[in-house]
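Read the structure below first, then the notes.
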Amino acid sequence: MESTDYLDVIRFPVTLLKLCGCYVPSLPEKKTEKMSNSKRLSLCGSLYFTYRVVIALIHLADMVRSLSFEVYCIQDFNTSMAYYVQWYIFLYFGSTAYIIEFFVTKRYFQPLLGMLQRYSLDFGFLGNVKKLKRYIRCLFLVLLIVSFLFNFLLTTAYLFWIQNKTPYFIYPFHKSAGVSQIIISYVTLIITTLIYQTSCAYFVLYTALIEIVSLEFRSTQKEMSEALRIEASSQNREEAFFRVRDRYRYLNDVVNKLTLLTRFYAMATFMYTLAIVLFVLFVLGGEGLDAEETFTEIAFLGIGLFLIAFICIRWGTLPGSANAITESIRTSNLNKESPKFLQQVQLFLTEVSTTKTGIDLFGLFTIDSSTILMLFGTVLTYGIIVIQTQQDTSKHCQCHCNTTCV
């Protein structure tokens, strides 16, 4: 692919992040482009800066609102309160991601783009990103549509069906009534949709970067297979091997930089999503839920499990793609090679086998294909405990009205 094709994959989520008021460094420009989206936005100058400040204040205010509601719920926590707590945890996650990723992207995104540019100049991209580009755009649009519909349906349900049962949906304005309540509710809809779009944009941006690097690892494996098919004891064979080895090592450096960019978001996603899932199971384990509340809980559960599964499955392909090159070396015929060259091959094989390439979450674990089993095992284990505790509490709190007091 061309040296700037990979920019087309990440340009769409980067543009949406800018529209959401997030800080994202401008992408390198193509020669054929007259004016990029980032330049169009920069023409607004101080107006766009003011817009970003307003969005930041909205996120900060939403974090304060979420935290104040959590403190408010501690005073009288029950199943009904847990129904609202998970909603505010979701909002708090979106605002936290916005605040944290502001500093993370400011520090690590530009150096990562610089490394990809140098990789393009020194080695050249091998993979074809046309299908990847369509896949990333479809993923982003699906997430935006789902997040908007979820917020719209929840707000509409609050206004017309379950208004009396969910007075804390627009906390701290839950005591408002009439037209003011409708206005506040749909302002809340706009704000929460913006928060979700920001989280979705970061999610798709990081997914796109990981897919690009994973595609390059798979293409490097194919290049290694072709390099080792060259006639044995040939100088061209050794040069081709060393060129592929240097490419692989540089991709490993890119993954290390990519880890610094994505680990905060991945860790926050796992922590908040697991908390939401456990709260959902706590609510579902209780009694007295009607059809609307049950549907909402199942929607929350589905979104949480989807995020966990997608990150584990798609981001978890990176270690497998990086280690696939060992199979190309092991299946090659190296019997006629010189001892010095065989020693270099063996050292490289050992280097690849002993290095865990992937998104490392602060040394706790590396996201791979087995991470989903670990997290779902955690959800299953603690979910059963939460449901059992909720059921035992409900039975214990039942009143026996047929007793006689003397």
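Lettering and numbering for the structure tokens are positional, with chains as A, B, ... in the shown order, residues counted from 1 in each chain, and ligands counted from 1 in the shown order.
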Could you give me, as number ranges by chain, the residues within 9 Å of Gly21 of chain A, counting only C-alpha atoms and dropping anything in the same chain fewer than 5 positions from it? A: 16, 48-49, 51-56, 198
Extract, using only C-alpha atoms, all DNA, RNA and protein residues at most 7 Å from segment 143-152 of chain A, discarding same-chain residues fewer than 6 positions from it, and format them as a short mmCIF file (atom, residue, chain, number, x, y, z; two decimals) with N, CA and C atoms, in the first residue's frame.
```cif
data_model
loop_
_atom_site.label_atom_id
_atom_site.label_comp_id
_atom_site.auth_asym_id
_atom_site.auth_seq_id
_atom_site.Cartn_x
_atom_site.Cartn_y
_atom_site.Cartn_z
N LEU A 189 -29.88 14.00 27.07
CA LEU A 189 -29.69 13.08 25.94
C LEU A 189 -28.55 13.54 25.04
N THR A 193 -25.06 11.46 24.71
CA THR A 193 -24.70 10.96 23.38
C THR A 193 -23.33 11.47 22.97
N TYR A 196 -20.76 9.42 24.82
CA TYR A 196 -20.60 8.10 24.23
C TYR A 196 -19.87 8.16 22.89
N GLN A 197 -20.15 9.19 22.10
CA GLN A 197 -19.45 9.32 20.82
C GLN A 197 -17.96 9.52 21.02
N CYS A 200 -16.60 6.13 21.86
CA CYS A 200 -16.60 5.30 20.65
C CYS A 200 -15.47 5.70 19.71
#
```
Spatial neighbours of Pro319 of chain A, max dist 7 Å, only C-alpha atoms, sep filter under 6 positions, as number ranges by chain: A: 356-358, 368
Using only C-alpha atoms, which protein or nucleic acid residues come within 9 Å of Thr262 of chain A? Drop anything in the same chain fewer than 6 positions from it, and give the result as a list in words. Glu101, Val104, Tyr206, Ile359 and Leu361 of chain A
Suppose we keep all heavy atoms; can you now write the selection as an mmCIF file, in the first residue's frame?
```cif
data_model
loop_
_atom_site.group_PDB
_atom_site.id
_atom_site.type_symbol
_atom_site.label_atom_id
_atom_site.label_comp_id
_atom_site.auth_asym_id
_atom_site.auth_seq_id
_atom_site.Cartn_x
_atom_site.Cartn_y
_atom_site.Cartn_z
ATOM 1 N N GLU A 101 -7.641 10.535 28.292
ATOM 2 C CA GLU A 101 -7.117 10.431 26.935
ATOM 3 C C GLU A 101 -6.640 11.774 26.405
ATOM 4 O O GLU A 101 -5.837 11.821 25.473
ATOM 5 C CB GLU A 101 -8.175 9.841 26.007
ATOM 6 C CG GLU A 101 -8.589 8.425 26.345
ATOM 7 C CD GLU A 101 -7.400 7.492 26.484
ATOM 8 O OE1 GLU A 101 -6.505 7.516 25.623
ATOM 9 O OE2 GLU A 101 -7.361 6.738 27.476
ATOM 10 N N VAL A 104 -3.110 11.583 27.501
ATOM 11 C CA VAL A 104 -2.417 10.452 26.874
ATOM 12 C C VAL A 104 -2.129 10.729 25.401
ATOM 13 O O VAL A 104 -0.999 10.548 24.926
ATOM 14 C CB VAL A 104 -3.254 9.171 27.038
ATOM 15 C CG1 VAL A 104 -2.650 8.028 26.216
ATOM 16 C CG2 VAL A 104 -3.323 8.757 28.504
ATOM 17 N N TYR A 206 -8.138 3.479 18.388
ATOM 18 C CA TYR A 206 -7.150 2.524 18.895
ATOM 19 C C TYR A 206 -7.293 1.178 18.206
ATOM 20 O O TYR A 206 -6.297 0.502 17.925
ATOM 21 C CB TYR A 206 -7.304 2.370 20.404
ATOM 22 C CG TYR A 206 -7.020 3.639 21.184
ATOM 23 C CD1 TYR A 206 -7.569 3.865 22.447
ATOM 24 C CD2 TYR A 206 -6.214 4.635 20.646
ATOM 25 C CE1 TYR A 206 -7.306 5.035 23.153
ATOM 26 C CE2 TYR A 206 -5.950 5.803 21.338
ATOM 27 C CZ TYR A 206 -6.495 5.995 22.587
ATOM 28 O OH TYR A 206 -6.235 7.149 23.273
ATOM 29 N N ILE A 359 -0.642 -5.556 23.778
ATOM 30 C CA ILE A 359 -1.018 -4.419 24.614
ATOM 31 C C ILE A 359 -0.897 -4.849 26.073
ATOM 32 O O ILE A 359 -1.721 -5.605 26.581
ATOM 33 C CB ILE A 359 -2.445 -3.940 24.297
ATOM 34 C CG1 ILE A 359 -2.581 -3.636 22.806
ATOM 35 C CG2 ILE A 359 -2.778 -2.709 25.127
ATOM 36 C CD1 ILE A 359 -1.620 -2.599 22.290
ATOM 37 N N LEU A 361 -1.062 -4.194 29.973
ATOM 38 C CA LEU A 361 -1.783 -3.318 30.894
ATOM 39 C C LEU A 361 -1.016 -3.190 32.202
ATOM 40 O O LEU A 361 -1.252 -3.904 33.175
ATOM 41 C CB LEU A 361 -3.194 -3.857 31.148
ATOM 42 C CG LEU A 361 -4.084 -3.992 29.916
ATOM 43 C CD1 LEU A 361 -5.494 -4.387 30.316
ATOM 44 C CD2 LEU A 361 -4.103 -2.715 29.094
#
```
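Taking atom CA of Ile210 of chain A as the reference point, atom CA of Leu375 of chain A is found at 20.6 Å.
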Using only C-alpha atoms, which protein or nucleic acid residues come within 9 Å of Val244 of chain A? Drop anything in the same chain fewer than 2 positions from it, and give the result as a ChimeraX atom specification. /A:220-221,223-224,227,239-242,246-249
